[in-house]
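A.B. asks: Just one file: start.csv, with CSV, N, CA and C atoms.
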```
chain,number,residue,atom,x,y,z
L,595,MET,N,-171.8,-96.6,-34.0
L,595,MET,CA,-170.7,-95.6,-34.1
L,595,MET,C,-170.6,-94.8,-32.8
L,596,GLN,N,-169.5,-94.8,-32.2
L,596,GLN,CA,-169.3,-94.0,-30.9
L,596,GLN,C,-168.8,-92.6,-31.3
L,597,ARG,N,-169.4,-91.7,-30.6
L,597,ARG,CA,-169.0,-90.3,-30.8
L,597,ARG,C,-168.6,-89.7,-29.5
L,598,ARG,N,-167.5,-89.0,-29.5
L,598,ARG,CA,-167.0,-88.3,-28.3
L,598,ARG,C,-167.2,-86.9,-28.4
L,599,LEU,N,-167.9,-86.3,-27.4
L,599,LEU,CA,-168.2,-84.9,-27.4
L,599,LEU,C,-167.3,-84.2,-26.4
L,600,SER,N,-166.7,-83.1,-26.8
L,600,SER,CA,-165.8,-82.4,-26.0
L,600,SER,C,-166.3,-81.0,-25.5
L,601,ALA,N,-167.6,-80.9,-25.6
L,601,ALA,CA,-168.3,-79.6,-25.1
L,601,ALA,C,-169.6,-80.0,-24.5
L,602,LEU,N,-170.4,-79.0,-24.2
L,602,LEU,CA,-171.7,-79.2,-23.5
L,602,LEU,C,-172.5,-80.1,-24.4
L,603,CYS,N,-173.0,-81.2,-23.8
L,603,CYS,CA,-173.7,-82.2,-24.5
L,603,CYS,C,-175.1,-82.4,-23.9
L,604,PHE,N,-176.1,-82.4,-24.7
L,604,PHE,CA,-177.5,-82.6,-24.3
L,604,PHE,C,-177.9,-84.0,-24.6
L,605,ALA,N,-178.2,-84.8,-23.6
L,605,ALA,CA,-178.7,-86.2,-23.9
L,605,ALA,C,-180.1,-86.0,-24.3
L,606,LEU,N,-180.3,-86.2,-25.6
L,606,LEU,CA,-181.6,-85.9,-26.2
L,606,LEU,C,-182.6,-87.0,-25.9
L,607,PRO,N,-183.9,-86.8,-26.3
L,607,PRO,CA,-184.9,-87.8,-26.1
L,607,PRO,C,-184.6,-89.2,-26.5
L,608,LEU,N,-183.6,-89.4,-27.4
L,608,LEU,CA,-183.1,-90.7,-27.8
L,608,LEU,C,-182.9,-91.6,-26.6
L,609,PHE,N,-182.4,-91.0,-25.5
L,609,PHE,CA,-182.1,-91.8,-24.3
L,609,PHE,C,-183.2,-92.0,-23.4
L,610,ALA,N,-184.4,-91.5,-23.7
L,610,ALA,CA,-185.5,-91.7,-22.9
L,610,ALA,C,-185.7,-93.2,-22.7
L,611,GLY,N,-185.7,-93.7,-21.4
L,611,GLY,CA,-185.7,-95.1,-21.1
L,611,GLY,C,-184.4,-95.7,-20.7
L,612,CYS,N,-183.5,-94.9,-20.2
L,612,CYS,CA,-182.2,-95.4,-19.8
L,612,CYS,C,-182.3,-95.9,-18.3
L,613,ALA,N,-181.7,-97.1,-18.0
L,613,ALA,CA,-181.7,-97.6,-16.7
L,613,ALA,C,-180.3,-97.3,-16.0
L,614,SER,N,-179.3,-97.1,-16.8
L,614,SER,CA,-178.0,-96.8,-16.1
L,614,SER,C,-177.2,-95.9,-17.0
L,615,VAL,N,-176.2,-95.2,-16.3
L,615,VAL,CA,-175.3,-94.3,-17.0
L,615,VAL,C,-173.9,-94.8,-16.8
L,616,SER,N,-173.1,-94.9,-17.8
L,616,SER,CA,-171.7,-95.3,-17.7
L,616,SER,C,-170.9,-94.1,-18.2
L,617,ILE,N,-170.0,-93.6,-17.4
L,617,ILE,CA,-169.2,-92.5,-17.7
L,617,ILE,C,-167.7,-92.8,-17.7
L,618,THR,N,-167.0,-92.5,-18.8
L,618,THR,CA,-165.6,-92.7,-18.9
L,618,THR,C,-165.0,-91.4,-19.3
L,619,SER,N,-163.7,-91.2,-19.1
L,619,SER,CA,-163.0,-90.0,-19.5
L,619,SER,C,-161.6,-90.3,-19.8
L,620,LYS,N,-161.0,-89.4,-20.6
L,620,LYS,CA,-159.6,-89.3,-20.9
L,620,LYS,C,-159.1,-88.0,-20.5
L,621,PRO,N,-158.3,-87.9,-19.5
L,621,PRO,CA,-157.8,-88.9,-18.6
L,621,PRO,C,-158.8,-89.4,-17.6
L,622,PRO,N,-158.6,-90.6,-17.1
L,622,PRO,CA,-159.6,-91.1,-16.1
L,622,PRO,C,-159.4,-90.4,-14.7
L,623,GLY,N,-160.2,-90.7,-13.8
L,623,GLY,CA,-160.1,-90.1,-12.4
L,623,GLY,C,-160.7,-88.7,-12.3
L,624,VAL,N,-161.6,-88.4,-13.2
L,624,VAL,CA,-162.3,-87.1,-13.2
L,624,VAL,C,-163.5,-87.1,-12.3
L,625,ASP,N,-163.7,-86.1,-11.5
L,625,ASP,CA,-164.8,-86.0,-10.6
L,625,ASP,C,-166.1,-85.9,-11.4
L,626,VAL,N,-167.1,-86.7,-11.0
L,626,VAL,CA,-168.5,-86.6,-11.6
L,626,VAL,C,-169.4,-86.0,-10.5
L,627,ILE,N,-170.0,-84.9,-10.8
L,627,ILE,CA,-170.8,-84.2,-9.9
L,627,ILE,C,-172.2,-84.0,-10.5
L,628,MET,N,-173.2,-84.5,-9.7
L,628,MET,CA,-174.6,-84.4,-10.2
L,628,MET,C,-175.3,-83.2,-9.6
L,629,SER,N,-176.0,-82.4,-10.4
L,629,SER,CA,-176.8,-81.3,-9.8
L,629,SER,C,-178.1,-81.3,-10.5
L,630,VAL,N,-179.1,-80.6,-9.9
L,630,VAL,CA,-180.4,-80.4,-10.4
L,630,VAL,C,-180.6,-79.0,-10.8
L,631,PRO,N,-181.0,-78.6,-12.0
L,631,PRO,CA,-181.2,-77.2,-12.3
L,631,PRO,C,-182.1,-76.5,-11.3
L,632,GLY,N,-181.7,-75.4,-10.9
L,632,GLY,CA,-182.4,-74.6,-9.9
L,632,GLY,C,-182.0,-74.9,-8.5
L,633,GLN,N,-181.2,-75.9,-8.3
L,633,GLN,CA,-180.7,-76.2,-6.9
L,633,GLN,C,-179.2,-75.7,-6.9
L,634,GLU,N,-178.8,-75.2,-5.8
L,634,GLU,CA,-177.4,-74.7,-5.7
L,634,GLU,C,-176.3,-75.7,-5.6
L,635,ASN,N,-176.4,-76.7,-4.8
L,635,ASN,CA,-175.3,-77.6,-4.5
L,635,ASN,C,-175.4,-78.9,-5.4
L,636,GLY,N,-174.2,-79.3,-5.8
L,636,GLY,CA,-174.2,-80.6,-6.5
L,636,GLY,C,-173.7,-81.7,-5.6
L,637,LYS,N,-173.8,-82.9,-6.0
L,637,LYS,CA,-173.4,-84.1,-5.2
L,637,LYS,C,-172.3,-84.8,-5.9
L,638,LEU,N,-171.2,-85.1,-5.3
L,638,LEU,CA,-170.1,-85.8,-5.9
L,638,LEU,C,-170.6,-87.3,-6.0
L,639,LEU,N,-170.6,-87.8,-7.2
L,639,LEU,CA,-171.0,-89.2,-7.4
L,639,LEU,C,-169.8,-90.2,-7.3
L,640,GLY,N,-168.7,-89.7,-7.7
L,640,GLY,CA,-167.4,-90.5,-7.7
L,640,GLY,C,-166.5,-90.0,-8.8
L,641,LYS,N,-165.6,-90.8,-9.2
L,641,LYS,CA,-164.6,-90.5,-10.2
L,641,LYS,C,-164.8,-91.5,-11.4
L,642,THR,N,-164.4,-91.0,-12.6
L,642,THR,CA,-164.5,-91.9,-13.8
L,642,THR,C,-163.3,-92.9,-13.7
L,643,PRO,N,-163.6,-94.1,-14.2
L,643,PRO,CA,-164.8,-94.6,-14.8
L,643,PRO,C,-165.9,-94.8,-13.7
L,644,LEU,N,-167.2,-94.5,-14.1
L,644,LEU,CA,-168.3,-94.6,-13.1
L,644,LEU,C,-169.5,-95.2,-13.8
L,645,GLN,N,-170.1,-96.1,-13.1
L,645,GLN,CA,-171.4,-96.7,-13.5
L,645,GLN,C,-172.4,-96.3,-12.5
L,646,GLN,N,-173.5,-95.7,-12.9
L,646,GLN,CA,-174.5,-95.3,-12.0
L,646,GLN,C,-175.9,-95.7,-12.5
L,647,GLU,N,-176.7,-96.3,-11.6
L,647,GLU,CA,-178.1,-96.7,-11.9
L,647,GLU,C,-179.0,-95.4,-12.0
L,648,MET,N,-179.8,-95.4,-13.0
L,648,MET,CA,-180.7,-94.2,-13.1
L,648,MET,C,-181.7,-94.2,-12.0
L,649,ALA,N,-182.1,-95.3,-11.4
L,649,ALA,CA,-183.1,-95.3,-10.3
L,649,ALA,C,-182.5,-94.5,-9.1
L,650,GLU,N,-181.2,-94.7,-8.9
L,650,GLU,CA,-180.5,-93.9,-7.8
L,650,GLU,C,-180.4,-92.4,-8.1
L,651,LEU,N,-180.1,-92.1,-9.4
L,651,LEU,CA,-180.0,-90.7,-9.8
L,651,LEU,C,-181.4,-90.1,-9.7
L,652,SER,N,-182.4,-90.8,-10.1
L,652,SER,CA,-183.8,-90.3,-10.0
L,652,SER,C,-184.2,-90.0,-8.6
L,653,LYS,N,-183.8,-90.8,-7.6
L,653,LYS,CA,-184.1,-90.6,-6.2
L,653,LYS,C,-183.4,-89.3,-5.7
L,654,LEU,N,-182.1,-89.2,-6.1
L,654,LEU,CA,-181.3,-88.0,-5.7
L,654,LEU,C,-181.8,-86.7,-6.3
L,655,SER,N,-182.4,-86.8,-7.5
L,655,SER,CA,-182.8,-85.6,-8.2
L,655,SER,C,-184.3,-85.3,-8.1
L,656,ASN,N,-185.0,-86.2,-7.3
L,656,ASN,CA,-186.5,-86.0,-7.2
L,656,ASN,C,-187.1,-86.2,-8.6
L,657,LYS,N,-186.6,-87.1,-9.4
L,657,LYS,CA,-187.1,-87.4,-10.7
L,657,LYS,C,-187.1,-86.3,-11.7
L,658,SER,N,-186.1,-85.4,-11.6
L,658,SER,CA,-186.1,-84.2,-12.5
L,658,SER,C,-184.9,-84.4,-13.4
L,659,THR,N,-184.8,-83.5,-14.4
L,659,THR,CA,-183.6,-83.4,-15.2
L,659,THR,C,-182.4,-83.2,-14.4
L,660,ILE,N,-181.3,-83.8,-14.8
L,660,ILE,CA,-180.0,-83.6,-14.0
L,660,ILE,C,-178.9,-83.1,-14.9
L,661,VAL,N,-177.9,-82.5,-14.3
L,661,VAL,CA,-176.7,-82.1,-15.0
L,661,VAL,C,-175.5,-82.8,-14.4
L,662,LEU,N,-174.8,-83.6,-15.2
L,662,LEU,CA,-173.6,-84.2,-14.7
L,662,LEU,C,-172.4,-83.3,-15.2
L,663,THR,N,-171.6,-82.9,-14.2
L,663,THR,CA,-170.5,-82.1,-14.5
L,663,THR,C,-169.2,-82.9,-14.2
L,664,LEU,N,-168.3,-82.9,-15.2
L,664,LEU,CA,-167.0,-83.6,-15.0
L,664,LEU,C,-166.0,-82.5,-14.8
L,665,LYS,N,-165.2,-82.7,-13.7
L,665,LYS,CA,-164.2,-81.7,-13.3
L,665,LYS,C,-162.9,-82.4,-12.9
L,666,ARG,N,-161.8,-81.7,-13.3
L,666,ARG,CA,-160.5,-82.2,-12.9
L,666,ARG,C,-159.6,-80.9,-13.0
L,667,ALA,N,-158.7,-80.8,-12.0
L,667,ALA,CA,-157.8,-79.7,-12.0
L,667,ALA,C,-157.0,-79.6,-13.3
L,668,GLY,N,-156.8,-78.5,-13.9
L,668,GLY,CA,-156.1,-78.3,-15.1
L,668,GLY,C,-156.8,-78.6,-16.4
L,669,TYR,N,-158.1,-78.9,-16.3
L,669,TYR,CA,-158.9,-79.3,-17.4
L,669,TYR,C,-160.2,-78.4,-17.4
L,670,ARG,N,-160.8,-78.2,-18.5
L,670,ARG,CA,-162.1,-77.5,-18.6
L,670,ARG,C,-163.2,-78.5,-18.2
L,671,ASN,N,-164.2,-77.9,-17.4
L,671,ASN,CA,-165.3,-78.7,-17.0
L,671,ASN,C,-166.2,-79.0,-18.2
L,672,GLN,N,-166.8,-80.2,-18.1
L,672,GLN,CA,-167.8,-80.6,-19.1
L,672,GLN,C,-169.1,-80.9,-18.5
L,673,ASN,N,-170.2,-80.5,-19.1
L,673,ASN,CA,-171.6,-80.7,-18.5
L,673,ASN,C,-172.4,-81.5,-19.5
L,674,PHE,N,-173.1,-82.4,-18.9
L,674,PHE,CA,-174.0,-83.3,-19.7
L,674,PHE,C,-175.4,-83.2,-19.1
L,675,VAL,N,-176.4,-82.7,-19.9
L,675,VAL,CA,-177.8,-82.5,-19.4
L,675,VAL,C,-178.5,-83.8,-19.7
L,676,ILE,N,-179.1,-84.4,-18.7
L,676,ILE,CA,-179.8,-85.7,-18.9
L,676,ILE,C,-181.3,-85.5,-18.4
L,677,PRO,N,-182.3,-85.8,-19.2
L,677,PRO,CA,-183.6,-85.7,-18.8
L,677,PRO,C,-184.0,-86.9,-17.9
L,678,ASN,N,-185.1,-86.8,-17.2
L,678,ASN,CA,-185.6,-88.0,-16.4
L,678,ASN,C,-185.7,-89.2,-17.3
L,679,LEU,N,-185.0,-90.2,-17.0
L,679,LEU,CA,-184.9,-91.4,-17.9
L,679,LEU,C,-185.4,-92.7,-17.2
L,680,GLY,N,-185.8,-93.7,-18.0
L,680,GLY,CA,-186.3,-94.9,-17.6
L,680,GLY,C,-185.3,-96.1,-17.8
L,681,GLY,N,-185.6,-97.0,-18.8
L,681,GLY,CA,-184.8,-98.2,-19.0
L,681,GLY,C,-183.8,-98.1,-20.2
L,682,GLY,N,-182.8,-98.9,-20.2
L,682,GLY,CA,-181.8,-98.9,-21.2
L,682,GLY,C,-180.4,-98.5,-20.6
L,683,LYS,N,-179.5,-98.0,-21.5
L,683,LYS,CA,-178.2,-97.6,-21.0
L,683,LYS,C,-177.7,-96.4,-21.8
L,684,LEU,N,-177.1,-95.4,-21.1
L,684,LEU,CA,-176.5,-94.2,-21.6
L,684,LEU,C,-175.0,-94.3,-21.3
L,685,GLU,N,-174.2,-94.2,-22.4
L,685,GLU,CA,-172.8,-94.2,-22.2
L,685,GLU,C,-172.2,-92.8,-22.6
L,686,ILE,N,-171.5,-92.2,-21.7
L,686,ILE,CA,-170.8,-90.9,-21.9
L,686,ILE,C,-169.3,-91.1,-21.9
L,687,GLU,N,-168.7,-90.7,-23.0
L,687,GLU,CA,-167.2,-90.7,-23.1
L,687,GLU,C,-166.8,-89.2,-23.2
L,688,ALA,N,-166.0,-88.8,-22.3
L,688,ALA,CA,-165.5,-87.4,-22.3
L,688,ALA,C,-164.0,-87.3,-22.5
L,689,ASN,N,-163.7,-86.5,-23.5
L,689,ASN,CA,-162.2,-86.2,-23.7
L,689,ASN,C,-162.0,-84.8,-23.1
L,690,MET,N,-161.4,-84.8,-21.9
L,690,MET,CA,-161.2,-83.6,-21.2
L,690,MET,C,-160.1,-82.7,-21.9
L,691,LEU,N,-160.4,-81.5,-22.0
L,691,LEU,CA,-159.5,-80.5,-22.7
L,691,LEU,C,-158.7,-79.7,-21.6
L,692,PRO,N,-157.4,-79.7,-21.8
L,692,PRO,CA,-156.6,-78.9,-20.9
L,692,PRO,C,-157.0,-77.4,-21.0
L,693,ILE,N,-156.9,-76.7,-19.8
L,693,ILE,CA,-157.2,-75.3,-19.8
L,693,ILE,C,-156.2,-74.6,-20.7
L,694,GLY,N,-156.7,-73.7,-21.5
L,694,GLY,CA,-155.8,-72.9,-22.3
L,694,GLY,C,-155.6,-73.5,-23.7
L,695,SER,N,-156.2,-74.7,-23.9
L,695,SER,CA,-156.1,-75.3,-25.3
L,695,SER,C,-157.1,-74.7,-26.2
L,696,ASP,N,-156.8,-74.6,-27.5
L,696,ASP,CA,-157.8,-74.1,-28.4
L,696,ASP,C,-158.7,-75.2,-28.9
L,697,ASP,N,-159.9,-75.2,-28.4
L,697,ASP,CA,-160.8,-76.3,-28.7
L,697,ASP,C,-162.0,-75.9,-29.6
L,698,SER,N,-161.8,-74.8,-30.4
L,698,SER,CA,-162.9,-74.4,-31.3
L,698,SER,C,-163.2,-75.5,-32.3
L,699,ALA,N,-162.2,-76.2,-32.8
L,699,ALA,CA,-162.5,-77.3,-33.7
L,699,ALA,C,-163.3,-78.4,-33.1
L,700,ASP,N,-162.9,-78.7,-31.8
L,700,ASP,CA,-163.6,-79.7,-31.1
L,700,ASP,C,-165.0,-79.3,-30.8
L,701,ILE,N,-165.3,-78.1,-30.4
L,701,ILE,CA,-166.6,-77.6,-30.2
L,701,ILE,C,-167.4,-77.7,-31.5
L,702,ASN,N,-166.9,-77.3,-32.6
L,702,ASN,CA,-167.6,-77.3,-33.9
L,702,ASN,C,-167.9,-78.8,-34.2
L,703,THR,N,-167.0,-79.7,-34.0
L,703,THR,CA,-167.3,-81.1,-34.2
L,703,THR,C,-168.4,-81.6,-33.3
L,704,ALA,N,-168.3,-81.2,-32.0
L,704,ALA,CA,-169.4,-81.7,-31.0
L,704,ALA,C,-170.7,-81.2,-31.5
L,705,VAL,N,-170.8,-79.9,-31.9
L,705,VAL,CA,-172.1,-79.4,-32.3
L,705,VAL,C,-172.6,-80.1,-33.5
L,706,ARG,N,-171.7,-80.4,-34.5
L,706,ARG,CA,-172.1,-81.1,-35.7
L,706,ARG,C,-172.6,-82.5,-35.3
L,707,PHE,N,-172.0,-83.2,-34.4
L,707,PHE,CA,-172.4,-84.5,-34.0
L,707,PHE,C,-173.8,-84.4,-33.3
L,708,LEU,N,-173.9,-83.4,-32.5
L,708,LEU,CA,-175.2,-83.2,-31.7
L,708,LEU,C,-176.3,-82.9,-32.7
L,709,LEU,N,-176.1,-82.1,-33.7
L,709,LEU,CA,-177.2,-81.8,-34.7
L,709,LEU,C,-177.5,-83.0,-35.5
L,710,GLU,N,-176.5,-83.8,-35.9
L,710,GLU,CA,-176.7,-85.0,-36.6
L,710,GLU,C,-177.5,-86.0,-35.8
L,711,ALA,N,-177.2,-86.1,-34.5
L,711,ALA,CA,-177.9,-87.0,-33.6
L,711,ALA,C,-179.4,-86.6,-33.5
L,712,GLU,N,-179.6,-85.3,-33.4
L,712,GLU,CA,-181.0,-84.7,-33.3
L,712,GLU,C,-181.7,-85.1,-34.6
L,713,ARG,N,-181.1,-84.9,-35.8
L,713,ARG,CA,-181.7,-85.2,-37.1
L,713,ARG,C,-182.1,-86.7,-37.1
L,714,GLN,N,-181.2,-87.6,-36.7
L,714,GLN,CA,-181.4,-89.0,-36.7
L,714,GLN,C,-182.6,-89.3,-35.8
L,715,ILE,N,-182.7,-88.6,-34.6
L,715,ILE,CA,-183.8,-88.9,-33.7
L,715,ILE,C,-185.1,-88.4,-34.4
L,716,ILE,N,-185.1,-87.3,-35.0
L,716,ILE,CA,-186.3,-86.8,-35.7
L,716,ILE,C,-186.8,-87.8,-36.8
L,717,ASP,N,-185.8,-88.4,-37.5
L,717,ASP,CA,-186.1,-89.3,-38.5
L,717,ASP,C,-186.3,-90.7,-37.9
L,718,LYS,N,-186.3,-90.8,-36.6
L,718,LYS,CA,-186.5,-92.1,-35.9
L,718,LYS,C,-185.5,-93.2,-36.3
L,719,ASN,N,-184.3,-92.7,-36.5
L,719,ASN,CA,-183.2,-93.6,-36.9
L,719,ASN,C,-182.3,-93.7,-35.6
L,720,PHE,N,-182.8,-94.4,-34.6
L,720,PHE,CA,-182.2,-94.3,-33.3
L,720,PHE,C,-180.8,-95.0,-33.2
L,721,LYS,N,-180.6,-96.1,-34.0
L,721,LYS,CA,-179.3,-96.7,-34.0
L,721,LYS,C,-178.2,-95.8,-34.5
L,722,GLU,N,-178.4,-95.0,-35.5
L,722,GLU,CA,-177.4,-94.1,-36.0
L,722,GLU,C,-177.2,-93.0,-35.1
L,723,ALA,N,-178.2,-92.5,-34.3
L,723,ALA,CA,-178.0,-91.4,-33.5
L,723,ALA,C,-177.1,-91.7,-32.3
```
How would this structure read if it were set down as structure tokens?
C.D. replies:
Amino acid sequence: MQRRLSALCFALPLFAGCASVSITSKPPGVDVIMSVPGQENGKLLGKTPLQQEMAELSKLSNKSTIVLTLKRAGYRNQNFVIPNLGGGKLEIEANMLPIGSDDSADINTAVRFLLEAERQIIDKNFKEA
């Protein structure tokens, strides 16, 4: 089951072991910027759709947690926090929200999905998370 989050998303320990990150967005062509918490400047990785190897991200981040920020003029930024990862694949689908839109229902849905994913992880039901 694929879930789209329209707010701040934490890639939980479920994703420990990812070898690549695939990022898509609606609309496409969104800037993907990688930053490391505690460092000032981010690095533009490219535009969506984007496929990035975790080994490359680990080199750029000195093997630390990273934040991927999706930006596009006229839309709200979206941030995805990703811990230092290894093998597997992480897929991020972002539905960009226009600035000025009322997204409280989307945020509530995103939080509900996030909490459900966390519960599934705690229950070790990784496929459902």
A.B. asks: Would you mind reading off the distance between atom N of Val626 of chain L and atom C of Gln672 of chain L, one decimal, in Å?
C.D. replies: 9.7 Å
A.B. asks: If we count only N, CA and C atoms and set the cut-off at 6 Å, which residues sit around Thr659 of chain L, ignoring sequence neighbours fewer than 3 positions away in its own chain? Please answer as a PDB file with N, CA and C atoms, in the coordinates of the input.
C.D. replies:
```
ATOM      1  N   VAL L 630    -179.100 -80.600  -9.900  1.00  0.00           N
ATOM      2  CA  VAL L 630    -180.400 -80.400 -10.400  1.00  0.00           C
ATOM      3  C   VAL L 630    -180.600 -79.000 -10.800  1.00  0.00           C
ATOM      4  N   PRO L 631    -181.000 -78.600 -12.000  1.00  0.00           N
ATOM      5  CA  PRO L 631    -181.200 -77.200 -12.300  1.00  0.00           C
ATOM      6  C   PRO L 631    -182.100 -76.500 -11.300  1.00  0.00           C
ATOM      7  N   ILE L 676    -179.100 -84.400 -18.700  1.00  0.00           N
ATOM      8  CA  ILE L 676    -179.800 -85.700 -18.900  1.00  0.00           C
ATOM      9  C   ILE L 676    -181.300 -85.500 -18.400  1.00  0.00           C
ATOM     10  N   PRO L 677    -182.300 -85.800 -19.200  1.00  0.00           N
ATOM     11  CA  PRO L 677    -183.600 -85.700 -18.800  1.00  0.00           C
ATOM     12  C   PRO L 677    -184.000 -86.900 -17.900  1.00  0.00           C
ATOM     13  N   ASN L 678    -185.100 -86.800 -17.200  1.00  0.00           N
ATOM     14  CA  ASN L 678    -185.600 -88.000 -16.400  1.00  0.00           C
ATOM     15  C   ASN L 678    -185.700 -89.200 -17.300  1.00  0.00           C
TER      16      ASN L 678
END
```
A.B. asks: Go ahead and find all residues with at least one atom no further than 12 Å from (-166.1, -92.4, -17.5) in the file's coordinates, using only C-alpha atoms; report them as a ChimeraX atom specification.
C.D. replies: /L:598,615-626,639-646,662-665,684-690
A.B. asks: Which value, in Å to one decimal, gives the distance between atom CA of Ile715 of chain L and atom N of Asn702 of chain L?
C.D. replies: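 Atom-to-atom, atom CA of Ile715 of chain L and atom N of Asn702 of chain L are spaced 20.5 Å apart.
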A.B. asks: Between atom CA of Glu650 of chain L and atom CA of Lys718 of chain L, what is the spacing in Å?
C.D. replies: 28.8 Å
A.B. asks: Name the residues of segment 603-654 of chain L that fall into strand (DSSP E) according to DSSP on the backbone, using the chain letters and numbers of this document, as a list in words.
C.D. replies: Cys603, Phe604, Ser614, Val615, Ser616, Ile617, Thr618, Ser619, Lys620, Asp625, Val626, Ile627, Met628, Ser629, Lys637, Leu638, Leu639, Gly640, Lys641, Leu644, Gln645, Gln646 and Glu647 of chain L
A.B. asks: Quick one: segment 610-628 of chain L from the block, N, CA and C atoms, as a tab-separated table (two decimals), in the first residue's frame.
C.D. replies:
```tsv
chain	number	residue	atom	x	y	z
L	610	ALA	N	15.88	1.35	7.61
L	610	ALA	CA	17.29	1.05	7.85
L	610	ALA	C	17.69	-0.02	6.87
L	611	GLY	N	18.70	0.21	6.11
L	611	GLY	CA	19.16	-0.74	5.12
L	611	GLY	C	18.84	-0.33	3.70
L	612	CYS	N	18.50	0.90	3.42
L	612	CYS	CA	18.19	1.33	2.06
L	612	CYS	C	19.46	1.60	1.26
L	613	ALA	N	19.47	1.17	-0.01
L	613	ALA	CA	20.61	1.42	-0.88
L	613	ALA	C	20.33	2.55	-1.86
L	614	SER	N	19.07	2.89	-2.06
L	614	SER	CA	18.75	3.97	-2.99
L	614	SER	C	17.48	4.68	-2.54
L	615	VAL	N	17.36	5.92	-3.00
L	615	VAL	CA	16.18	6.72	-2.72
L	615	VAL	C	15.61	7.16	-4.06
L	616	SER	N	14.31	6.92	-4.24
L	616	SER	CA	13.60	7.35	-5.43
L	616	SER	C	12.59	8.41	-5.00
L	617	ILE	N	12.65	9.59	-5.64
L	617	ILE	CA	11.78	10.70	-5.24
L	617	ILE	C	10.96	11.15	-6.44
L	618	THR	N	9.65	11.14	-6.27
L	618	THR	CA	8.74	11.66	-7.29
L	618	THR	C	7.86	12.73	-6.64
L	619	SER	N	7.29	13.57	-7.48
L	619	SER	CA	6.42	14.62	-6.94
L	619	SER	C	5.33	14.97	-7.94
L	620	LYS	N	4.25	15.50	-7.39
L	620	LYS	CA	3.18	16.09	-8.19
L	620	LYS	C	3.09	17.52	-7.77
L	621	PRO	N	3.38	18.47	-8.62
L	621	PRO	CA	3.87	18.32	-9.99
L	621	PRO	C	5.34	17.89	-10.01
L	622	PRO	N	5.81	17.36	-11.15
L	622	PRO	CA	7.23	17.02	-11.27
L	622	PRO	C	8.08	18.28	-11.43
L	623	GLY	N	9.40	18.11	-11.43
L	623	GLY	CA	10.30	19.24	-11.64
L	623	GLY	C	10.57	20.03	-10.38
L	624	VAL	N	10.39	19.42	-9.21
L	624	VAL	CA	10.62	20.06	-7.92
L	624	VAL	C	12.10	19.91	-7.55
L	625	ASP	N	12.73	20.97	-7.05
L	625	ASP	CA	14.12	20.90	-6.60
L	625	ASP	C	14.22	19.99	-5.38
L	626	VAL	N	15.25	19.12	-5.38
L	626	VAL	CA	15.53	18.26	-4.23
L	626	VAL	C	16.87	18.72	-3.66
L	627	ILE	N	16.83	19.20	-2.42
L	627	ILE	CA	18.01	19.74	-1.75
L	627	ILE	C	18.32	18.88	-0.54
L	628	MET	N	19.59	18.43	-0.45
L	628	MET	CA	20.02	17.63	0.68
L	628	MET	C	20.79	18.49	1.66
```
